[in-house]
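Engineer: One file: final20.txt (compact mmCIF, C-alpha atoms and all ligand atoms).
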```
# COMPACT_ATOMS: atom_id res chain seq x y z
CA MET A 1 -9.96 -16.96 -3.52
CA GLN A 2 -7.22 -14.31 -3.45
CA THR A 3 -4.41 -14.33 -5.99
CA ALA A 4 -0.85 -13.20 -5.25
CA LEU A 5 2.22 -12.85 -7.43
CA VAL A 6 5.50 -13.60 -5.64
CA VAL A 7 8.98 -12.68 -6.86
CA GLY A 8 12.02 -14.03 -5.01
CA GLY A 9 9.95 -17.11 -4.11
CA THR A 10 12.95 -19.47 -4.34
CA GLY A 11 14.86 -17.59 -1.63
CA ARG A 12 15.07 -18.46 2.04
CA THR A 13 12.18 -16.23 3.05
CA GLY A 14 10.41 -16.40 -0.30
CA GLN A 15 10.00 -20.19 -0.08
CA ARG A 16 8.36 -19.81 3.31
CA LEU A 17 6.12 -17.08 1.95
CA VAL A 18 4.93 -19.17 -1.00
CA ARG A 19 4.23 -22.13 1.28
CA GLN A 20 2.31 -20.06 3.82
CA LEU A 21 0.23 -18.30 1.17
CA LEU A 22 -0.75 -21.68 -0.31
CA GLU A 23 -1.59 -23.02 3.17
CA ARG A 24 -3.97 -20.06 3.59
CA GLY A 25 -5.77 -20.92 0.37
CA VAL A 26 -4.26 -18.08 -1.68
CA SER A 27 -3.68 -18.85 -5.34
CA VAL A 28 -0.01 -18.08 -6.04
CA ARG A 29 1.87 -17.14 -9.20
CA ALA A 30 5.64 -17.26 -8.76
CA ILE A 31 8.15 -15.83 -11.23
CA VAL A 32 11.35 -17.82 -10.61
CA ARG A 33 14.64 -18.29 -12.42
CA SER A 34 14.60 -22.03 -11.78
CA ARG A 35 11.59 -24.12 -10.82
CA SER A 36 13.91 -26.78 -9.36
CA LYS A 37 14.74 -24.41 -6.48
CA LEU A 38 11.21 -24.71 -5.13
CA PRO A 39 10.55 -27.55 -2.66
CA PRO A 40 8.95 -30.40 -4.71
CA GLU A 41 5.72 -30.51 -2.68
CA VAL A 42 5.30 -26.74 -3.16
CA ALA A 43 6.14 -26.86 -6.88
CA ARG A 44 3.43 -29.56 -7.31
CA HIS A 45 0.73 -27.61 -5.47
CA ALA A 46 -2.44 -27.22 -7.55
CA ALA A 47 -2.87 -23.56 -6.55
CA LEU A 48 0.66 -22.59 -7.63
CA THR A 49 1.49 -21.35 -11.12
CA VAL A 50 5.22 -21.23 -11.77
CA ILE A 51 6.52 -18.82 -14.40
CA GLU A 52 10.13 -19.75 -15.18
CA ALA A 53 11.76 -16.55 -16.42
CA ASN A 54 14.40 -13.93 -15.80
CA LEU A 55 12.24 -11.32 -14.07
CA LEU A 56 14.03 -8.22 -15.35
CA ALA A 57 14.13 -9.57 -18.91
CA LEU A 58 10.35 -9.88 -19.13
CA SER A 59 8.69 -7.32 -21.39
CA ASP A 60 6.20 -4.79 -20.00
CA ALA A 61 3.38 -6.69 -21.71
CA GLU A 62 4.49 -9.98 -20.10
CA LEU A 63 4.68 -8.38 -16.65
CA GLU A 64 1.22 -6.88 -17.10
CA GLN A 65 -0.10 -10.32 -18.00
CA HIS A 66 1.38 -11.81 -14.80
CA VAL A 67 0.08 -9.09 -12.44
CA ARG A 68 -3.38 -8.88 -14.04
CA GLY A 69 -6.03 -10.19 -11.67
CA CYS A 70 -3.71 -10.27 -8.65
CA ASP A 71 -4.84 -8.88 -5.29
CA ALA A 72 -1.24 -8.57 -4.11
CA VAL A 73 2.30 -8.62 -5.46
CA LEU A 74 5.00 -9.61 -2.98
CA SER A 75 8.78 -9.34 -3.30
CA CYS A 76 11.34 -11.32 -1.32
CA LEU A 77 14.05 -10.52 -3.86
CA GLY A 78 17.59 -10.22 -2.58
CA HIS A 79 21.05 -10.16 -4.07
CA VAL A 80 22.73 -13.58 -4.02
CA LEU A 81 25.37 -13.62 -1.28
CA SER A 82 28.44 -14.06 -3.47
CA LEU A 83 30.95 -11.55 -4.85
CA ARG A 84 29.16 -11.64 -8.20
CA GLY A 85 25.70 -11.42 -6.60
CA ILE A 86 26.65 -8.45 -4.43
CA PHE A 87 28.84 -6.44 -6.79
CA GLY A 88 27.77 -7.65 -10.24
CA PRO A 89 24.70 -6.67 -12.26
CA PRO A 90 21.86 -6.14 -11.74
CA ARG A 91 22.90 -3.81 -8.92
CA ASP A 92 19.43 -2.30 -8.87
CA LEU A 93 17.52 -5.61 -8.85
CA VAL A 94 15.05 -4.69 -6.10
CA THR A 95 14.51 -1.10 -7.24
CA ARG A 96 14.00 -2.02 -10.87
CA ALA A 97 11.68 -4.92 -10.07
CA THR A 98 9.66 -2.68 -7.72
CA GLN A 99 9.39 0.05 -10.31
CA ARG A 100 8.43 -2.25 -13.17
CA LEU A 101 5.95 -4.32 -11.17
CA CYS A 102 4.17 -1.21 -9.83
CA ARG A 103 4.05 0.23 -13.32
CA ALA A 104 2.66 -3.04 -14.67
CA ILE A 105 -0.05 -3.08 -11.99
CA ALA A 106 -1.06 0.49 -12.83
CA ALA A 107 -1.14 -0.33 -16.55
CA THR A 108 -3.76 -3.01 -15.89
CA ALA A 109 -5.99 -0.40 -14.14
CA PRO A 110 -7.36 -2.80 -11.50
CA ALA A 111 -10.83 -2.07 -10.08
CA ALA A 112 -9.39 -2.05 -6.52
CA PRO A 113 -5.82 -1.10 -5.52
CA VAL A 114 -3.34 -3.99 -5.61
CA LYS A 115 -1.10 -4.41 -2.55
CA PHE A 116 2.62 -4.25 -3.28
CA ILE A 117 4.50 -5.75 -0.32
CA LEU A 118 8.28 -5.48 -0.29
CA MET A 119 10.59 -7.41 2.02
CA SER A 120 13.41 -5.07 2.99
CA SER A 121 15.68 -4.63 5.99
CA VAL A 122 16.29 -2.52 9.11
CA SER A 123 19.27 -1.04 7.25
CA VAL A 124 16.61 0.91 5.34
CA HIS A 125 15.29 4.07 6.95
CA ARG A 126 11.92 5.74 6.62
CA PRO A 127 11.88 8.77 4.34
CA GLY A 128 11.63 12.16 6.02
CA ARG A 129 13.89 11.25 8.97
CA LEU A 130 10.95 9.59 10.71
CA ASP A 131 13.12 6.89 12.30
CA ALA A 132 14.95 7.68 15.53
CA ARG A 133 18.30 9.19 14.63
CA ARG A 134 21.07 6.60 14.71
CA GLY A 135 24.31 7.26 16.56
CA GLY A 136 27.31 8.71 14.69
CA ALA A 137 29.14 5.36 14.33
CA GLU A 138 26.03 3.64 12.95
CA ARG A 139 25.40 6.46 10.48
CA ALA A 140 29.01 6.24 9.32
CA VAL A 141 28.80 2.46 8.76
CA LEU A 142 25.52 2.80 6.85
CA TRP A 143 26.94 5.62 4.76
CA VAL A 144 29.87 3.43 3.76
CA LEU A 145 27.62 0.42 3.12
CA ARG A 146 25.24 2.43 0.93
CA GLY A 147 28.19 3.85 -0.96
CA LEU A 148 30.11 0.61 -1.44
CA VAL A 149 27.67 -2.28 -1.21
CA PRO A 150 25.07 -2.12 -4.00
CA PRO A 151 22.37 -4.27 -2.26
CA THR A 152 22.18 -1.89 0.71
CA ARG A 153 21.72 1.07 -1.62
CA ASP A 154 19.28 -0.89 -3.75
CA ASN A 155 17.02 -1.72 -0.79
CA GLN A 156 16.95 1.92 0.31
CA ARG A 157 16.18 3.16 -3.20
CA ALA A 158 13.33 0.68 -3.63
CA ALA A 159 11.73 1.84 -0.38
CA ASP A 160 12.27 5.51 -1.29
CA LEU A 161 10.69 4.92 -4.66
CA LEU A 162 7.49 3.62 -3.08
CA GLY A 163 7.35 6.47 -0.58
CA GLU A 164 8.14 9.19 -3.12
CA GLN A 165 6.21 7.97 -6.16
CA LEU A 166 3.18 6.42 -4.50
CA GLY A 167 3.06 8.30 -1.19
CA ALA A 168 -0.06 7.25 0.67
CA GLY A 169 -0.96 4.97 -2.25
CA SER A 170 -2.43 5.53 -5.70
CA ARG A 171 -5.72 4.56 -7.28
CA PHE A 172 -4.17 1.32 -8.49
CA VAL A 173 -1.30 0.46 -6.11
CA GLU A 174 -0.93 0.53 -2.32
CA TRP A 175 2.29 -0.56 -0.64
CA ALA A 176 4.04 -1.63 2.55
CA VAL A 177 7.74 -2.28 3.19
CA VAL A 178 8.51 -4.98 5.76
CA ARG A 179 11.75 -4.44 7.68
CA PRO A 180 13.09 -7.54 9.48
CA ASP A 181 16.25 -7.50 11.60
CA SER A 182 18.84 -10.35 11.45
CA LEU A 183 17.13 -13.30 9.81
CA LEU A 184 16.79 -16.66 11.59
CA ASP A 185 15.42 -20.11 10.78
CA GLY A 186 12.62 -21.47 12.94
CA ASP A 187 8.85 -21.80 12.96
CA VAL A 188 6.27 -19.07 13.26
CA SER A 189 6.43 -17.66 16.79
CA PRO A 190 5.19 -14.54 18.61
CA TYR A 191 6.55 -11.35 17.06
CA THR A 192 6.11 -7.63 17.48
CA LEU A 193 5.67 -4.84 14.92
CA HIS A 194 7.00 -1.32 15.24
CA GLU A 195 6.65 1.86 13.20
CA GLY A 196 10.34 2.71 13.64
CA LEU A 197 13.70 1.14 14.41
CA ILE A 198 14.02 -0.40 17.87
CA ASN A 199 17.51 -1.98 17.79
CA GLY A 200 20.91 -0.54 17.04
CA LEU A 201 23.07 -1.71 14.15
CA PHE A 202 25.62 -3.13 16.62
CA SER A 203 23.00 -4.77 18.86
CA PRO A 204 20.66 -6.27 16.26
CA GLY A 205 17.37 -7.92 17.00
CA LYS A 206 16.27 -11.27 15.58
CA THR A 207 13.51 -12.03 13.12
CA SER A 208 12.51 -15.52 12.01
CA MET A 209 11.98 -15.80 8.28
CA ALA A 210 8.79 -17.74 9.06
CA ASN A 211 7.53 -14.68 10.95
CA VAL A 212 8.35 -12.37 8.03
CA ALA A 213 6.36 -14.69 5.76
CA HIS A 214 3.52 -14.85 8.30
CA PHE A 215 3.28 -11.06 8.53
CA MET A 216 3.41 -10.67 4.73
CA CYS A 217 0.53 -13.19 4.50
CA GLU A 218 -1.42 -11.23 7.12
CA LEU A 219 -0.93 -8.09 5.05
CA VAL A 220 -2.44 -9.93 2.09
CA SER A 221 -5.40 -11.55 3.81
CA ASN A 222 -6.24 -9.50 6.92
CA PRO A 223 -7.90 -6.16 6.04
CA GLN A 224 -7.22 -4.71 9.50
CA THR A 225 -3.50 -5.55 9.29
CA TRP A 226 -3.38 -3.85 5.90
CA ALA A 227 -5.24 -0.78 7.19
CA ASP A 228 -2.75 -0.55 10.07
CA TRP A 229 0.41 -0.84 7.98
CA LYS A 230 -0.20 0.35 4.42
CA ALA A 231 2.12 3.13 3.24
CA LYS A 232 4.40 2.30 6.20
CA LEU A 233 7.69 0.47 6.78
CA PRO A 234 6.96 -1.77 9.76
CA VAL A 235 9.90 -3.27 11.64
CA ILE A 236 9.27 -6.88 12.63
CA VAL A 237 11.20 -8.63 15.42
CA ASN A 238 10.71 -11.85 17.34
CA GLN A 239 9.20 -11.46 20.77
CA PRO A 240 11.90 -12.50 23.25
CA ALA A 241 11.16 -15.78 25.04
CA ARG A 242 10.03 -15.30 28.64
CA PRO A 243 12.78 -16.16 31.19
N1 LIG B 301 20.21 -11.84 5.44
C1 LIG B 301 19.66 -11.12 6.40
O1 LIG B 301 19.97 -11.27 7.62
C2 LIG B 301 18.63 -10.10 6.07
C3 LIG B 301 18.09 -9.40 7.10
C4 LIG B 301 17.07 -8.51 6.84
C5 LIG B 301 16.63 -8.33 5.53
N2 LIG B 301 17.20 -8.98 4.48
C6 LIG B 301 16.68 -8.72 3.12
O2 LIG B 301 15.64 -9.63 2.86
C7 LIG B 301 15.54 -9.92 1.46
C8 LIG B 301 15.41 -11.42 1.25
O3 LIG B 301 16.42 -12.10 1.96
P1 LIG B 301 16.59 -13.69 1.84
O4 LIG B 301 17.81 -14.02 2.64
O5 LIG B 301 15.32 -14.40 2.10
O6 LIG B 301 16.90 -13.81 0.26
P2 LIG B 301 17.68 -14.97 -0.56
O7 LIG B 301 17.55 -16.29 0.13
O8 LIG B 301 19.05 -14.49 -0.89
O9 LIG B 301 16.80 -15.03 -1.89
C9 LIG B 301 16.92 -14.05 -2.86
C10 LIG B 301 15.87 -14.28 -3.93
O10 LIG B 301 16.07 -13.30 -4.96
C11 LIG B 301 16.22 -13.98 -6.22
N3 LIG B 301 17.16 -13.29 -7.12
C12 LIG B 301 18.44 -12.93 -6.86
N4 LIG B 301 18.98 -12.33 -7.92
C13 LIG B 301 18.01 -12.31 -8.88
C14 LIG B 301 17.94 -11.82 -10.22
N5 LIG B 301 19.00 -11.23 -10.80
N6 LIG B 301 16.80 -11.98 -10.91
C15 LIG B 301 15.72 -12.57 -10.34
N7 LIG B 301 15.70 -13.06 -9.07
C16 LIG B 301 16.84 -12.93 -8.37
C17 LIG B 301 16.77 -15.34 -5.87
O11 LIG B 301 16.52 -16.22 -6.93
P3 LIG B 301 17.43 -17.54 -7.17
O12 LIG B 301 16.94 -18.55 -6.15
O13 LIG B 301 17.13 -17.91 -8.56
O14 LIG B 301 18.88 -17.12 -6.93
C18 LIG B 301 15.96 -15.65 -4.60
O15 LIG B 301 14.67 -16.10 -4.94
C19 LIG B 301 16.78 -9.29 0.84
O16 LIG B 301 16.40 -8.07 0.18
C20 LIG B 301 17.69 -8.96 2.02
O17 LIG B 301 18.45 -7.79 1.78
C21 LIG B 301 18.18 -9.89 4.75
```
When written as structure tokens, how does the structure in this file appear?

Structural biologist:
Amino acid sequence: MQTALVVGGTGRTGQRLVRQLLERGVSVRAIVRSRSKLPPEVARHAALTVIEANLLALSDAELEQHVRGCDAVLSCLGHVLSLRGIFGPPRDLVTRATQRLCRAIAATAPAAPVKFILMSSVSVHRPGRLDARRGGAERAVLWVLRGLVPPTRDNQRAADLLGEQLGAGSRFVEWAVVRPDSLLDGDVSPYTLHEGLINGLFSPGKTSMANVAHFMCELVSNPQTWADWKAKLPVIVNQPARP
């Protein structure tokens, strides 16, 4: 049985991720601020261990204890969509959690590399200008957003951190950053994966949260999917329905 640690598991996508991991027979540990935000049938699941805590307030030793023995650590963290959530502390929630969790994994010196899978966004670009260059208006909007809206900057920094500090992966940690477009409700449906951006900022694509969760589960449990996408920032979009 595989074991995965999930952070952000009470969020819109995170709840779907926790449910889908459990449905696949993965044993899940979830660090959440409030257990009551999990759907009751998920919170009761025998293969789920809930750790009720403020993630960033956990000590290094506590984090190491929670990641020890995990095959994968998955983040669906996001800033709460309120003035306080967007502009208040912690402005570097995703970056700091990514940094501390990766450090905790390395400190446990696992026998095989642990997968760190980060849910991000198409507003994040691949390091090294690998994505197709955006038009001038899009670059200007993103520049303003990264300057003024902390979550946009935070998501980019977290992805940069993985690319710069871990590169192709280390002895203890391998990584992938999943980049959905505009998030939608709905069930798992056909979707496509792309190495780079395929939609413009002003003509966004659509990505069901269930599909994000499905792909993150595939990264955990399907070795070929992991081999295809590790150390990359795949863009995931729903396959358009046939006319
Ligand atoms: N909205 C979009 O269209 C869109 C599109 C593409 C990508 N994204 C990205 O996808 C990610 C997830 O999005 P989502 O809409 O599924 O997220 P969400 O529903 O807003 O959930 C955010 C999660 O992060 C947790 N969280 C927030 N602040 C925290 C803190 N200070 N300490 C610990 N946990 C904290 C929340 O916990 P609580 O439940 O306790 O608040 C929740 O579990 C985000 O990074 C977002 O930028 C969003």

Engineer: Show which residues sit within 10 Å of A:Arg103, as a VMD selection string. Count only C-alpha atoms, and ignore same-chain residues fewer than 3 positions away.

Structural biologist: chain A and resid 60 63 to 64 97 to 100 106 to 108 172 to 173

Engineer: Please work out which residues fall within 9 Å of (5.9, -11.1, 5.2), coordinates as given in the file, with all atoms listed in the file counting, and return them as a PDB file with C-alpha atoms, in the coordinates of the input.

Structural biologist:
```
ATOM      1  CA  THR A  13      12.180 -16.230   3.050  1.00  0.00           C
ATOM      2  CA  GLY A  14      10.410 -16.400  -0.300  1.00  0.00           C
ATOM      3  CA  LEU A  17       6.120 -17.080   1.950  1.00  0.00           C
ATOM      4  CA  LEU A  74       5.000  -9.610  -2.980  1.00  0.00           C
ATOM      5  CA  CYS A  76      11.340 -11.320  -1.320  1.00  0.00           C
ATOM      6  CA  ILE A 117       4.500  -5.750  -0.320  1.00  0.00           C
ATOM      7  CA  LEU A 118       8.280  -5.480  -0.290  1.00  0.00           C
ATOM      8  CA  MET A 119      10.590  -7.410   2.020  1.00  0.00           C
ATOM      9  CA  VAL A 178       8.510  -4.980   5.760  1.00  0.00           C
ATOM     10  CA  MET A 209      11.980 -15.800   8.280  1.00  0.00           C
ATOM     11  CA  ALA A 210       8.790 -17.740   9.060  1.00  0.00           C
ATOM     12  CA  ASN A 211       7.530 -14.680  10.950  1.00  0.00           C
ATOM     13  CA  VAL A 212       8.350 -12.370   8.030  1.00  0.00           C
ATOM     14  CA  ALA A 213       6.360 -14.690   5.760  1.00  0.00           C
ATOM     15  CA  HIS A 214       3.520 -14.850   8.300  1.00  0.00           C
ATOM     16  CA  PHE A 215       3.280 -11.060   8.530  1.00  0.00           C
ATOM     17  CA  MET A 216       3.410 -10.670   4.730  1.00  0.00           C
ATOM     18  CA  CYS A 217       0.530 -13.190   4.500  1.00  0.00           C
ATOM     19  CA  GLU A 218      -1.420 -11.230   7.120  1.00  0.00           C
ATOM     20  CA  LEU A 219      -0.930  -8.090   5.050  1.00  0.00           C
ATOM     21  CA  VAL A 220      -2.440  -9.930   2.090  1.00  0.00           C
TER      22      VAL A 220
END
```

Engineer: As a PyMOL selection string, please: every protein or nucleic acid residue near ligand LIG 301 (chain B) (cut-off 7 Å, counting only C-alpha atoms and all ligand atoms).

Structural biologist: chain A and resi 7-14+32-34+37+54-56+76-81+85+90+93+119-122+151+155+179-183

Engineer: To one decimal place, how far is atom CA of A:Glu41 from atom CA of A:Gly186 in Å?

Structural biologist: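 These two atoms are separated by 19.3 Å.
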
Engineer: May I have the residues within 6 Å of A:Val73 as a PyMOL selection string, using all atoms listed in the file and disregarding those fewer than 6 positions away in the same chain?

Structural biologist: chain A and resi 4-6+116

Engineer: Choose the residue, out of A:Gly25, A:Trp226, A:Glu195, A:Gly69, that has the smallest atom-to-atom separation from A:Ala109; count only C-alpha atoms.

Structural biologist: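 Nearest candidate to A:Ala109 out of A:Gly25, A:Trp226, A:Glu195, A:Gly69: A:Gly69.
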
Engineer: For A:His45, work out the shell of residues within 10 Å, counting all atoms listed in the file and skipping chain neighbours fewer than 4 positions away, then give it as a list in words.

Structural biologist: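 Residues meeting the cut-off are Arg19, Leu22, Ser27, Val28, Pro40, Glu41 and Thr49 of chain A.
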
Engineer: Please, what distance in Å, to one decimal, runs between atom CA of A:Asp71 and atom CA of A:Arg29?

Structural biologist: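 Between these atoms lies a distance of 11.3 Å.
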
Engineer: Give me, please, the distance in Å between atom CA of A:Ala112 and atom CA of A:Arg171, quoted to one decimal.

Structural biologist: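 Atom CA of A:Ala112 sits 7.6 Å away from atom CA of A:Arg171.
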
Engineer: Around stretch 65-69 of chain A, with edges along x, y and z and 8 Å added on all six sides, what centre and edge lengths do you get, in Å to one decimal, as AutoDock Vina command-line options?

Structural biologist:
```
--center_x -2.3 --center_y -10.3 --center_z -14.8 --size_x 23.4 --size_y 18.9 --size_z 22.3
```

Engineer: For each of A:Val26, A:Ala227, A:Val177, A:Leu201, take the minimum atom-to-atom distance to A:Val141, counting all atoms listed in the file, then give the residue where this is smallest.

Structural biologist: A:Leu201

Engineer: So which one's closest to A:Ala137, A:Leu83, A:Phe202, A:Trp229, A:Glu23? Using all atoms listed in the file, please.

Structural biologist: A:Phe202

Engineer: Using only C-alpha atoms, which residues sit within 8 Å of A:Asn238 once same-chain residues fewer than 5 positions away are excluded, as a list in words?

Structural biologist: Ser189, Pro190, Tyr191, Thr192, Gly205, Lys206, Thr207, Ser208 and Asn211 of chain A

Engineer: Create the file for the chosen residues now, containing C-alpha atoms and written as a PDB file, keeping the file's coordinate frame.

Structural biologist:
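Just written: part_8.pdb:
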```
ATOM      1  CA  SER A 189       6.430 -17.660  16.790  1.00  0.00           C
ATOM      2  CA  PRO A 190       5.190 -14.540  18.610  1.00  0.00           C
ATOM      3  CA  TYR A 191       6.550 -11.350  17.060  1.00  0.00           C
ATOM      4  CA  THR A 192       6.110  -7.630  17.480  1.00  0.00           C
ATOM      5  CA  GLY A 205      17.370  -7.920  17.000  1.00  0.00           C
ATOM      6  CA  LYS A 206      16.270 -11.270  15.580  1.00  0.00           C
ATOM      7  CA  THR A 207      13.510 -12.030  13.120  1.00  0.00           C
ATOM      8  CA  SER A 208      12.510 -15.520  12.010  1.00  0.00           C
ATOM      9  CA  ASN A 211       7.530 -14.680  10.950  1.00  0.00           C
TER      10      ASN A 211
END
```

Engineer: Rank A:Ala57, A:Ala176, A:Arg84, A:Ser221 by their smallest atom-to-atom distance to A:Leu233, using all atoms listed in the file, and report the top residue only.

Structural biologist: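 Residue with the minimum atom-to-atom distance to A:Leu233: A:Ala176.
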
Engineer: Nearest to A:Thr152: which of A:Leu166, A:Ala132, A:Cys102, A:Ile86 is it, counting all atoms listed in the file?

Structural biologist: A:Ile86

Engineer: Select, from A:Ala159, A:Leu148, A:Leu197, A:Ala104, the residue with the minimum atom-to-atom distance to A:Leu130, counting only C-alpha atoms.

Structural biologist: A:Leu197

Engineer: Pick out the residues sitting within 12 Å of stretch 143-147 of chain A, and hand them over as a PyMOL selection string; count all atoms listed in the file, and ignore anything fewer than 4 positions along from it in its own chain.

Structural biologist: chain A and resi 86-87+91+123-125+134+136-139+151-157
